[in-house]
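Shown next: my_file-v1.txt, given as compact mmCIF, C-alpha atoms.
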```
# COMPACT_ATOMS: atom_id res chain seq x y z
CA MET A 1042 6.33 -40.39 25.72
CA THR A 1043 2.59 -39.89 25.31
CA GLY A 1044 2.87 -36.23 26.29
CA ILE A 1045 5.98 -35.58 24.20
CA MET A 1046 4.54 -36.56 20.79
CA PRO A 1047 1.66 -34.00 20.78
CA LEU A 1048 4.17 -31.34 21.88
CA LEU A 1049 6.46 -32.20 18.97
CA ARG A 1050 3.52 -32.12 16.53
CA ASP A 1051 2.41 -28.72 17.85
CA ASN A 1052 5.94 -27.32 17.56
CA LYS A 1053 6.23 -28.68 14.00
CA LEU A 1054 2.93 -27.05 13.00
CA ARG A 1055 3.90 -23.74 14.60
CA LEU A 1056 7.28 -23.83 12.88
CA THR A 1057 5.65 -24.51 9.49
CA VAL A 1058 3.29 -21.55 9.87
CA LEU A 1059 6.16 -19.40 11.13
CA ILE A 1060 8.30 -20.21 8.07
CA LEU A 1061 5.45 -19.64 5.58
CA LEU A 1062 4.49 -16.29 7.11
CA CYS A 1063 8.14 -15.23 7.29
CA LEU A 1064 8.65 -16.11 3.60
CA GLN A 1065 5.47 -14.27 2.59
CA ASN A 1066 6.50 -11.10 4.44
CA SER A 1067 10.04 -11.28 3.03
CA ILE A 1068 8.94 -11.79 -0.58
CA PHE A 1069 6.33 -9.04 -0.29
CA THR A 1070 8.87 -6.56 1.14
CA ALA A 1071 11.60 -7.41 -1.40
CA LEU A 1072 9.17 -7.31 -4.33
CA ARG A 1073 7.77 -3.95 -3.22
CA ARG A 1074 11.32 -2.62 -2.94
CA TYR A 1075 12.05 -3.86 -6.48
CA SER A 1076 8.79 -2.43 -7.82
CA GLN A 1077 9.00 1.06 -6.30
CA GLY A 1078 12.74 1.39 -5.67
CA ILE A 1079 14.20 -0.14 -8.85
CA LEU A 1080 11.41 -0.01 -11.45
CA ARG A 1081 10.02 3.27 -10.02
CA GLU A 1082 6.41 2.18 -10.53
CA THR A 1083 3.92 4.87 -9.51
CA TYR A 1084 0.77 2.95 -8.56
CA SER A 1085 -0.96 3.74 -5.27
CA LYS A 1086 -0.04 1.40 -2.41
CA HIS A 1087 -3.58 1.79 -1.06
CA GLU A 1088 -4.95 0.44 -4.35
CA VAL A 1089 -2.72 -2.63 -4.01
CA LEU A 1090 -4.05 -3.19 -0.48
CA LEU A 1091 -7.64 -2.66 -1.67
CA VAL A 1092 -7.30 -5.24 -4.47
CA GLY A 1093 -5.72 -7.60 -1.92
CA GLU A 1094 -8.77 -7.24 0.33
CA VAL A 1095 -11.06 -8.04 -2.62
CA MET A 1096 -9.01 -11.19 -3.27
CA LYS A 1097 -9.35 -12.18 0.39
CA ILE A 1098 -13.11 -11.65 0.27
CA VAL A 1099 -13.47 -13.83 -2.84
CA PHE A 1100 -11.13 -16.58 -1.60
CA SER A 1101 -12.71 -16.69 1.87
CA ALA A 1102 -16.19 -16.84 0.33
CA LEU A 1103 -15.11 -19.79 -1.85
CA MET A 1104 -13.70 -21.63 1.17
CA ILE A 1105 -16.92 -20.99 3.13
CA TYR A 1106 -18.96 -22.28 0.18
CA GLN A 1107 -16.87 -25.45 -0.13
CA SER A 1108 -16.97 -26.16 3.61
CA ASN A 1109 -20.78 -26.42 3.48
CA SER A 1110 -20.87 -25.97 7.27
CA TYR A 1111 -23.88 -23.66 7.39
CA ASN A 1112 -27.54 -24.58 7.97
CA GLN A 1113 -29.04 -22.18 5.43
CA SER A 1114 -28.51 -21.08 1.86
CA PHE A 1115 -25.06 -19.72 0.99
CA ARG A 1116 -26.53 -16.31 0.17
CA SER A 1117 -28.35 -16.13 3.50
CA HIS A 1118 -25.23 -17.22 5.35
CA VAL A 1119 -23.11 -14.50 3.69
CA LEU A 1120 -25.74 -11.91 4.62
CA PHE A 1121 -25.71 -13.27 8.17
CA LEU A 1122 -21.89 -12.90 8.31
CA ILE A 1123 -22.11 -9.31 7.07
CA LEU A 1124 -24.74 -8.40 9.68
CA ARG A 1125 -22.70 -10.03 12.48
CA SER A 1126 -19.34 -8.54 11.53
CA LYS A 1127 -19.20 -5.63 13.99
CA LYS A 1128 -16.29 -7.19 15.95
CA MET A 1129 -14.13 -7.41 12.84
CA ILE A 1130 -15.24 -3.98 11.58
CA MET A 1131 -13.96 -2.55 14.88
CA LEU A 1132 -10.62 -4.25 14.19
CA SER A 1133 -10.55 -2.81 10.67
CA VAL A 1134 -11.12 0.68 12.09
CA ILE A 1135 -8.21 0.17 14.51
CA TYR A 1136 -5.94 -0.83 11.61
CA GLY A 1137 -7.07 2.26 9.72
CA ILE A 1138 -6.28 4.49 12.71
CA MET A 1139 -2.83 2.86 12.98
CA ASN A 1140 -2.19 3.67 9.32
CA ILE A 1141 -3.07 7.33 9.92
CA LEU A 1142 -0.93 7.47 13.08
CA SER A 1143 2.10 6.16 11.15
CA TYR A 1144 1.62 8.93 8.62
CA ILE A 1145 1.35 11.59 11.36
CA ALA A 1146 4.40 10.21 13.19
CA LEU A 1147 6.63 10.20 10.10
CA ARG A 1148 5.64 13.77 9.32
CA ASN A 1149 6.81 14.95 12.74
CA ILE A 1150 9.76 12.73 13.68
CA GLY A 1151 12.68 11.19 11.81
CA ALA A 1152 12.84 7.59 10.61
CA GLY A 1153 15.38 6.80 13.35
CA ILE A 1154 13.08 7.68 16.27
CA PHE A 1155 10.13 6.00 14.53
CA THR A 1156 12.10 2.75 14.02
CA ILE A 1157 13.24 2.62 17.66
CA CYS A 1158 9.75 3.27 19.07
CA ALA A 1159 8.08 0.84 16.65
CA GLN A 1160 10.06 -2.10 18.08
CA LEU A 1161 8.06 -1.77 21.29
CA LYS A 1162 5.23 -3.56 19.42
CA ILE A 1163 6.94 -6.83 20.37
CA LEU A 1164 6.59 -6.16 24.10
CA SER A 1165 3.16 -4.50 23.81
CA THR A 1166 1.77 -7.63 22.13
CA ALA A 1167 3.15 -9.83 24.92
CA ALA A 1168 1.82 -7.44 27.59
CA PHE A 1169 -1.71 -7.41 26.13
CA SER A 1170 -1.55 -11.20 25.80
CA THR A 1171 -0.92 -11.38 29.54
CA ILE A 1172 -3.66 -8.86 30.39
CA MET A 1173 -6.43 -9.92 27.96
CA LEU A 1174 -5.81 -13.66 27.65
CA GLY A 1175 -4.30 -14.36 31.07
CA ARG A 1176 -1.18 -15.96 29.60
CA GLU A 1177 1.90 -16.37 31.75
CA TYR A 1178 5.20 -16.46 29.88
CA SER A 1179 8.32 -18.10 31.22
CA TRP A 1180 11.47 -16.08 31.81
CA VAL A 1181 12.95 -17.83 28.78
CA LYS A 1182 10.22 -16.36 26.57
CA TRP A 1183 10.51 -12.85 28.06
CA ARG A 1184 14.26 -12.99 27.58
CA ALA A 1185 13.81 -14.16 23.98
CA LEU A 1186 11.39 -11.30 23.24
CA SER A 1187 13.74 -8.74 24.80
CA ASN A 1188 16.69 -10.10 22.81
CA LEU A 1189 14.53 -10.05 19.70
CA MET A 1190 13.76 -6.38 20.18
CA VAL A 1191 17.47 -5.59 20.68
CA GLY A 1192 18.35 -7.67 17.60
CA VAL A 1193 15.89 -5.80 15.39
CA LEU A 1194 17.16 -2.45 16.68
CA LEU A 1195 20.74 -3.42 15.86
CA PHE A 1196 19.65 -4.71 12.46
CA SER A 1197 18.05 -1.31 11.77
CA GLU A 1198 21.27 0.48 12.77
CA ASN A 1199 21.73 1.94 9.29
CA ILE A 1200 18.42 3.79 9.77
CA TRP A 1201 18.65 5.16 13.30
CA ASN A 1202 22.45 5.59 13.49
CA ASP A 1203 22.26 8.52 11.13
CA ASN A 1204 22.05 12.10 12.34
CA ALA A 1205 19.85 12.99 9.38
CA SER A 1206 17.15 10.58 10.58
CA PHE A 1207 16.83 12.56 13.83
CA VAL A 1208 16.87 16.03 12.23
CA PHE A 1209 13.56 17.84 11.67
CA LEU A 1210 13.46 19.39 8.24
CA SER A 1211 10.83 21.95 9.07
CA GLU A 1212 10.00 24.12 12.06
CA LYS A 1213 6.34 23.16 11.60
CA ARG A 1214 7.10 19.63 12.79
CA ASN A 1215 6.27 18.77 16.40
CA ALA A 1216 8.37 16.01 17.99
CA ILE A 1217 5.92 15.50 20.86
CA ILE A 1218 3.02 14.88 18.45
CA GLY A 1219 5.17 12.46 16.44
CA ILE A 1220 6.30 10.45 19.47
CA VAL A 1221 2.78 10.33 20.93
CA ALA A 1222 1.46 9.14 17.55
CA VAL A 1223 3.98 6.30 17.19
CA LEU A 1224 3.55 5.19 20.83
CA THR A 1225 -0.23 5.19 20.37
CA GLU A 1226 0.26 3.04 17.26
CA VAL A 1227 2.43 0.66 19.31
CA PHE A 1228 -0.32 0.46 21.96
CA LEU A 1229 -3.04 -0.17 19.35
CA SER A 1230 -0.89 -2.74 17.52
CA GLY A 1231 -0.53 -4.87 20.66
CA PHE A 1232 -4.23 -4.52 21.48
CA ALA A 1233 -5.37 -5.31 17.91
CA SER A 1234 -3.22 -8.45 17.68
CA ILE A 1235 -4.57 -9.90 20.91
CA TYR A 1236 -8.13 -8.73 20.20
CA PHE A 1237 -8.05 -10.59 16.86
CA GLU A 1238 -6.69 -13.71 18.56
CA LYS A 1239 -9.39 -13.54 21.21
CA VAL A 1240 -12.13 -13.16 18.59
CA VAL A 1241 -10.75 -16.01 16.45
CA LYS A 1242 -10.32 -18.45 19.34
CA ASN A 1243 -13.33 -17.50 21.48
CA SER A 1244 -16.11 -20.01 20.82
CA THR A 1245 -18.18 -19.38 23.98
CA LEU A 1246 -21.12 -17.77 22.18
CA GLU A 1247 -20.63 -18.60 18.52
CA THR A 1248 -18.28 -20.73 16.49
CA TRP A 1249 -16.72 -19.16 13.42
CA SER A 1250 -14.27 -20.66 10.99
CA ILE A 1251 -11.07 -18.85 10.16
CA TRP A 1252 -12.43 -18.16 6.66
CA GLU A 1253 -15.57 -16.54 8.01
CA ARG A 1254 -13.53 -14.21 10.24
CA ASN A 1255 -11.22 -13.35 7.32
CA PHE A 1256 -14.25 -12.59 5.16
CA GLN A 1257 -15.59 -10.19 7.80
CA LEU A 1258 -12.21 -8.52 8.36
CA ALA A 1259 -11.58 -7.98 4.64
CA LEU A 1260 -15.11 -6.65 4.21
CA GLY A 1261 -14.53 -4.11 6.97
CA SER A 1262 -11.15 -3.06 5.54
CA PHE A 1263 -12.50 -2.46 2.01
CA PRO A 1264 -14.23 0.92 2.66
CA LEU A 1265 -11.25 2.17 4.71
CA TYR A 1266 -8.74 1.60 1.91
CA PHE A 1267 -11.22 3.10 -0.56
CA MET A 1268 -11.32 6.29 1.55
CA PHE A 1269 -7.50 6.35 1.69
CA ILE A 1270 -7.42 6.17 -2.12
CA LEU A 1271 -9.87 9.06 -2.42
CA GLY A 1272 -7.93 11.09 0.14
CA ASP A 1273 -4.70 10.53 -1.81
CA ASN A 1274 -6.38 11.35 -5.15
CA GLY A 1275 -5.27 8.02 -6.57
CA GLY A 1276 -1.61 8.66 -5.83
CA GLU A 1277 1.02 9.96 -8.23
CA ALA A 1278 -0.27 8.04 -11.27
CA GLY A 1279 -3.98 8.69 -10.72
CA PHE A 1280 -6.84 6.37 -9.91
CA PHE A 1281 -5.91 2.73 -10.74
CA ARG A 1282 -3.15 3.76 -13.13
CA GLY A 1283 0.50 2.72 -13.25
CA TRP A 1284 -0.36 -0.92 -12.58
CA SER A 1285 1.80 -3.78 -13.89
CA PHE A 1286 2.17 -7.53 -13.46
CA ILE A 1287 4.42 -6.85 -10.44
CA SER A 1288 1.84 -4.69 -8.70
CA PHE A 1289 -0.87 -7.31 -9.30
CA LEU A 1290 1.48 -9.96 -7.89
CA LEU A 1291 2.02 -7.76 -4.83
CA ALA A 1292 -1.74 -7.63 -4.28
CA MET A 1293 -1.91 -11.45 -4.42
CA ILE A 1294 1.01 -11.92 -2.02
CA GLY A 1295 -0.45 -9.31 0.32
CA ALA A 1296 -3.78 -11.14 0.34
CA SER A 1297 -2.07 -14.44 1.14
CA GLY A 1298 -0.32 -12.70 4.03
CA GLY A 1299 -3.63 -11.79 5.63
CA LEU A 1300 -4.76 -15.41 5.44
CA LEU A 1301 -1.44 -16.68 6.85
CA VAL A 1302 -1.67 -14.25 9.77
CA ALA A 1303 -5.06 -15.70 10.68
CA LEU A 1304 -3.70 -19.25 10.44
CA SER A 1305 -0.68 -18.35 12.58
CA ILE A 1306 -3.00 -17.04 15.28
CA LYS A 1307 -5.32 -20.04 15.05
CA TYR A 1308 -2.55 -22.65 15.29
CA GLY A 1309 -0.21 -20.55 17.42
CA ASP A 1310 -0.67 -17.11 18.91
CA SER A 1311 -0.10 -13.43 18.21
CA ILE A 1312 3.50 -13.66 19.39
CA LEU A 1313 4.14 -16.25 16.67
CA LYS A 1314 2.91 -13.72 14.13
CA THR A 1315 5.25 -11.12 15.61
CA LEU A 1316 8.18 -13.53 15.41
CA ALA A 1317 7.48 -14.25 11.74
CA THR A 1318 7.20 -10.54 10.91
CA THR A 1319 10.45 -9.80 12.73
CA GLY A 1320 12.30 -12.69 11.09
CA SER A 1321 11.14 -11.48 7.68
CA ILE A 1322 13.01 -8.19 8.25
CA VAL A 1323 16.28 -10.13 8.30
CA LEU A 1324 15.37 -12.36 5.36
CA SER A 1325 14.04 -9.56 3.14
CA SER A 1326 17.14 -7.43 3.83
CA THR A 1327 19.35 -10.38 2.86
CA ILE A 1328 17.41 -10.80 -0.39
CA ASP A 1329 17.63 -7.06 -0.97
CA HIS A 1330 21.42 -7.15 -0.50
CA PHE A 1331 22.16 -10.02 -2.89
CA LEU A 1332 19.61 -9.13 -5.59
CA MET A 1333 19.35 -5.34 -5.41
CA GLY A 1334 22.57 -4.18 -3.75
CA GLY A 1335 21.03 -3.18 -0.42
CA PRO A 1336 23.14 -2.66 2.73
CA LEU A 1337 24.34 -5.64 4.82
CA SER A 1338 27.01 -4.60 7.32
CA PRO A 1339 28.79 -6.83 9.89
CA ILE A 1340 26.57 -5.33 12.61
CA MET A 1341 23.46 -6.32 10.60
CA ILE A 1342 24.78 -9.88 10.20
CA LEU A 1343 25.43 -10.16 13.96
CA ALA A 1344 21.99 -8.69 14.70
CA GLY A 1345 20.39 -11.15 12.28
CA ILE A 1346 21.97 -14.04 14.21
CA ILE A 1347 20.57 -12.60 17.46
CA VAL A 1348 17.09 -12.40 15.90
CA ILE A 1349 17.23 -16.02 14.67
CA ILE A 1350 18.46 -17.33 18.06
CA SER A 1351 15.71 -15.37 19.84
CA ILE A 1352 13.02 -16.84 17.57
CA VAL A 1353 14.32 -20.37 18.16
CA ASP A 1354 14.53 -19.77 21.94
CA TYR A 1355 10.92 -18.59 22.07
CA THR A 1356 9.48 -21.25 19.74
CA PHE A 1357 11.20 -24.22 21.37
CA ASP A 1358 11.11 -23.07 24.98
CA PRO A 1359 11.16 -26.32 27.02
CA THR A 1360 9.94 -24.69 30.25
CA PRO A 1361 6.83 -26.51 31.59
CA SER A 1362 3.69 -24.48 32.11
CA LEU A 1363 3.80 -24.64 35.91
CA PRO A 1364 0.90 -22.20 36.64
CA THR A 1365 -1.39 -24.24 34.37
CA MET A 1366 -0.48 -27.44 36.24
CA LEU A 1367 -1.07 -25.81 39.61
CA HIS A 1368 -4.50 -24.39 38.72
CA LYS A 1369 -5.81 -27.27 36.63
CA SER A 1370 -7.37 -28.98 39.65
CA SER A 1371 -7.35 -28.66 43.43
CA PRO A 1372 -5.67 -31.63 45.17
CA THR A 1373 -7.79 -33.76 47.48
CA PRO A 1374 -6.49 -35.38 50.70
CA SER A 1375 -6.21 -38.74 48.93
CA ASN A 1376 -3.83 -37.52 46.25
CA ASP A 1377 -1.70 -34.97 48.17
CA CYS A 1378 1.37 -37.19 47.88
CA ASP A 1379 0.88 -37.67 44.13
CA GLU A 1380 0.57 -33.90 43.57
CA GLU A 1381 3.67 -33.25 45.68
CA GLU A 1382 5.66 -35.81 43.67
CA LYS A 1383 4.56 -34.16 40.40
CA LEU A 1384 5.64 -30.71 41.60
CA LEU A 1385 8.98 -32.07 42.76
CA GLU A 1386 9.51 -33.66 39.34
CA VAL A 1387 8.75 -30.32 37.64
CA SER A 1388 11.13 -28.47 39.96
CA ARG A 1389 13.90 -30.92 39.10
CA LYS A 1390 13.41 -30.26 35.40
CA LEU A 1391 13.52 -26.51 36.00
```

Target encoding structure tokens, full file:
Amino acid sequence: MTGIMPLLRDNKLRLTVLILLCLQNSIFTALRRYSQGILRETYSKHEVLLVGEVMKIVFSALMIYQSNSYNQSFRSHVLFLILRSKKMIMLSVIYGIMNILSYIALRNIGAGIFTICAQLKILSTAAFSTIMLGREYSWVKWRALSNLMVGVLLFSENIWNDNASFVFLSEKRNAIIGIVAVLTEVFLSGFASIYFEKVVKNSTLETWSIWERNFQLALGSFPLYFMFILGDNGGEAGFFRGWSFISFLLAMIGASGGLLVALSIKYGDSILKTLATTGSIVLSSTIDHFLMGGPLSPIMILAGIIVIISIVDYTFDPTPSLPTMLHKSSPTPSNDCDEEEKLLEVSRKL
């Protein structure tokens, strides 16, 4: 009973973070669809992301100030964080490269091929988690992740099951370049997720709060989005024009998403973040159908059920962590019988 209660508390906390992140992603996606698809607002999406990063910087700085966990003046501590932010700047650069790769991929391949390849992010994240963090997932979890990938593919059937999405509109397009770009983005996505988790949870050399890491990450992302805005010439409406209450709300929700991602990694792992993002695809499409007349076919409903079952299977996997038990300590001659009894008990449960 003593071991069960902490497990239930951990699952409850993970589920709470999962639901909040899923809701944030769903509301952000549906609101963006309403803003640009229904209202036809012409603001630059990079400007929305830039304002969101500014909000994250300000909010994280306030949380750092209120925590009062530093041994110097607040100004000196902020300067110290800026000077020691190279790990998070590297992550910001990776995110920027991923953004560029998505653009290159969509210019050379159809939305159908892009959607199918992009689902490999689920498995790439799990693979990097195994390689970089030494995690060992049960067969239940691997099965859940595989089913999740299939469920998302089926849910996106209206995108890839369309001949037009596989047709190249121009002879200048190069399918090989497009596929290499999207697969490289998949590779970087898995690496970046686990790299961020490792940086957030690694306290061997220095201990950082989640707000300090968010401050550094947002600070590194700011110049990248600024360069994207300059490269796009401010978008269709021009520099910081075409804004409305909806676009400002999008910036706020986007900023909250960045903070929730960090919390999901701190109290869970990168796979939890992936589950929330995937679940939000189903929820946002449902909102889009009932409020804005978006598609929701029987195949999409069945796929949505598969996605939900896969998320539940992964989150509440009852399989004991056998490798952890085996490597926790080496048995001595005096407790060989006790260790054997424990392993037999685990095998019975399996």

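Take the candidates A:Gly1261, A:Gly1299, A:Gly1137, A:Pro1359 and check each one against Ile1123 of chain A using all atoms listed in the file; the shortest distance goes to A:Gly1261.
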
List the neighbours of Ser1351 of chain A out to 9 Å using all atoms listed in the file; skip same-chain residues closer than 2 positions along the sequence, and give me the result as a compact mmCIF listing (two decimals) with C-alpha atoms, in the frame of the given file.
```txt
# COMPACT_ATOMS: atom_id res chain seq x y z
CA LYS A 1182 10.22 -16.36 26.57
CA ARG A 1184 14.26 -12.99 27.58
CA ALA A 1185 13.81 -14.16 23.98
CA LEU A 1186 11.39 -11.30 23.24
CA SER A 1187 13.74 -8.74 24.80
CA ASN A 1188 16.69 -10.10 22.81
CA LEU A 1189 14.53 -10.05 19.70
CA GLY A 1192 18.35 -7.67 17.60
CA LEU A 1316 8.18 -13.53 15.41
CA ILE A 1346 21.97 -14.04 14.21
CA ILE A 1347 20.57 -12.60 17.46
CA VAL A 1348 17.09 -12.40 15.90
CA ILE A 1349 17.23 -16.02 14.67
CA VAL A 1353 14.32 -20.37 18.16
CA ASP A 1354 14.53 -19.77 21.94
CA TYR A 1355 10.92 -18.59 22.07
CA THR A 1356 9.48 -21.25 19.74
```

Which is closest to Thr1360 of chain A among A:Thr1156, A:Ser1179, A:Ser1234, A:Ser1288, if we use all atoms listed in the file?
A:Ser1179

So, counting only C-alpha atoms, which residue among A:Gly1219, A:Pro1336, A:Gly1345, A:Gly1283 is closest to Arg1081 of chain A?
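Answer, going by the shortest atom-to-atom distance: A:Gly1283.
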
Residue among A:Ile1138, A:Ala1296, A:Gly1151, A:Ala1071 lying closest to His1330 of chain A, counting only C-alpha atoms:
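Nearest to His1330 of chain A: A:Ala1071.
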
If we count all atoms listed in the file and set the cut-off at 10 Å, which residues sit around Phe1228 of chain A, ignoring sequence neighbours fewer than 6 positions away in its own chain? Please answer as a list in words.
Met1139, Ala1159, Leu1161, Lys1162, Leu1164, Ser1165, Thr1166, Ala1168, Phe1169 and Ala1222 of chain A

Mind writing the picked residues with C-alpha atoms as an mmCIF file, in the coordinates of the input?
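Below is the file that was written, selection-v6.cif:
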```
data_model
loop_
_atom_site.group_PDB
_atom_site.id
_atom_site.type_symbol
_atom_site.label_atom_id
_atom_site.label_comp_id
_atom_site.auth_asym_id
_atom_site.auth_seq_id
_atom_site.Cartn_x
_atom_site.Cartn_y
_atom_site.Cartn_z
ATOM 1 C CA MET A 1139 -2.830 2.860 12.980
ATOM 2 C CA ALA A 1159 8.080 0.840 16.650
ATOM 3 C CA LEU A 1161 8.060 -1.770 21.290
ATOM 4 C CA LYS A 1162 5.230 -3.560 19.420
ATOM 5 C CA LEU A 1164 6.590 -6.160 24.100
ATOM 6 C CA SER A 1165 3.160 -4.500 23.810
ATOM 7 C CA THR A 1166 1.770 -7.630 22.130
ATOM 8 C CA ALA A 1168 1.820 -7.440 27.590
ATOM 9 C CA PHE A 1169 -1.710 -7.410 26.130
ATOM 10 C CA ALA A 1222 1.460 9.140 17.550
#
```

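For the pair atom CA of Ser1110 of chain A and atom CA of Val1240 of chain A, the separation is 19.2 Å.
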
Find the residues with any atom within 7 Å of (5.6, -3.7, -12.9); use only C-alpha atoms and the coordinates as given in the file, and write the answer as a VMD selection string.
chain A and resid 1076 1082 1284 to 1288
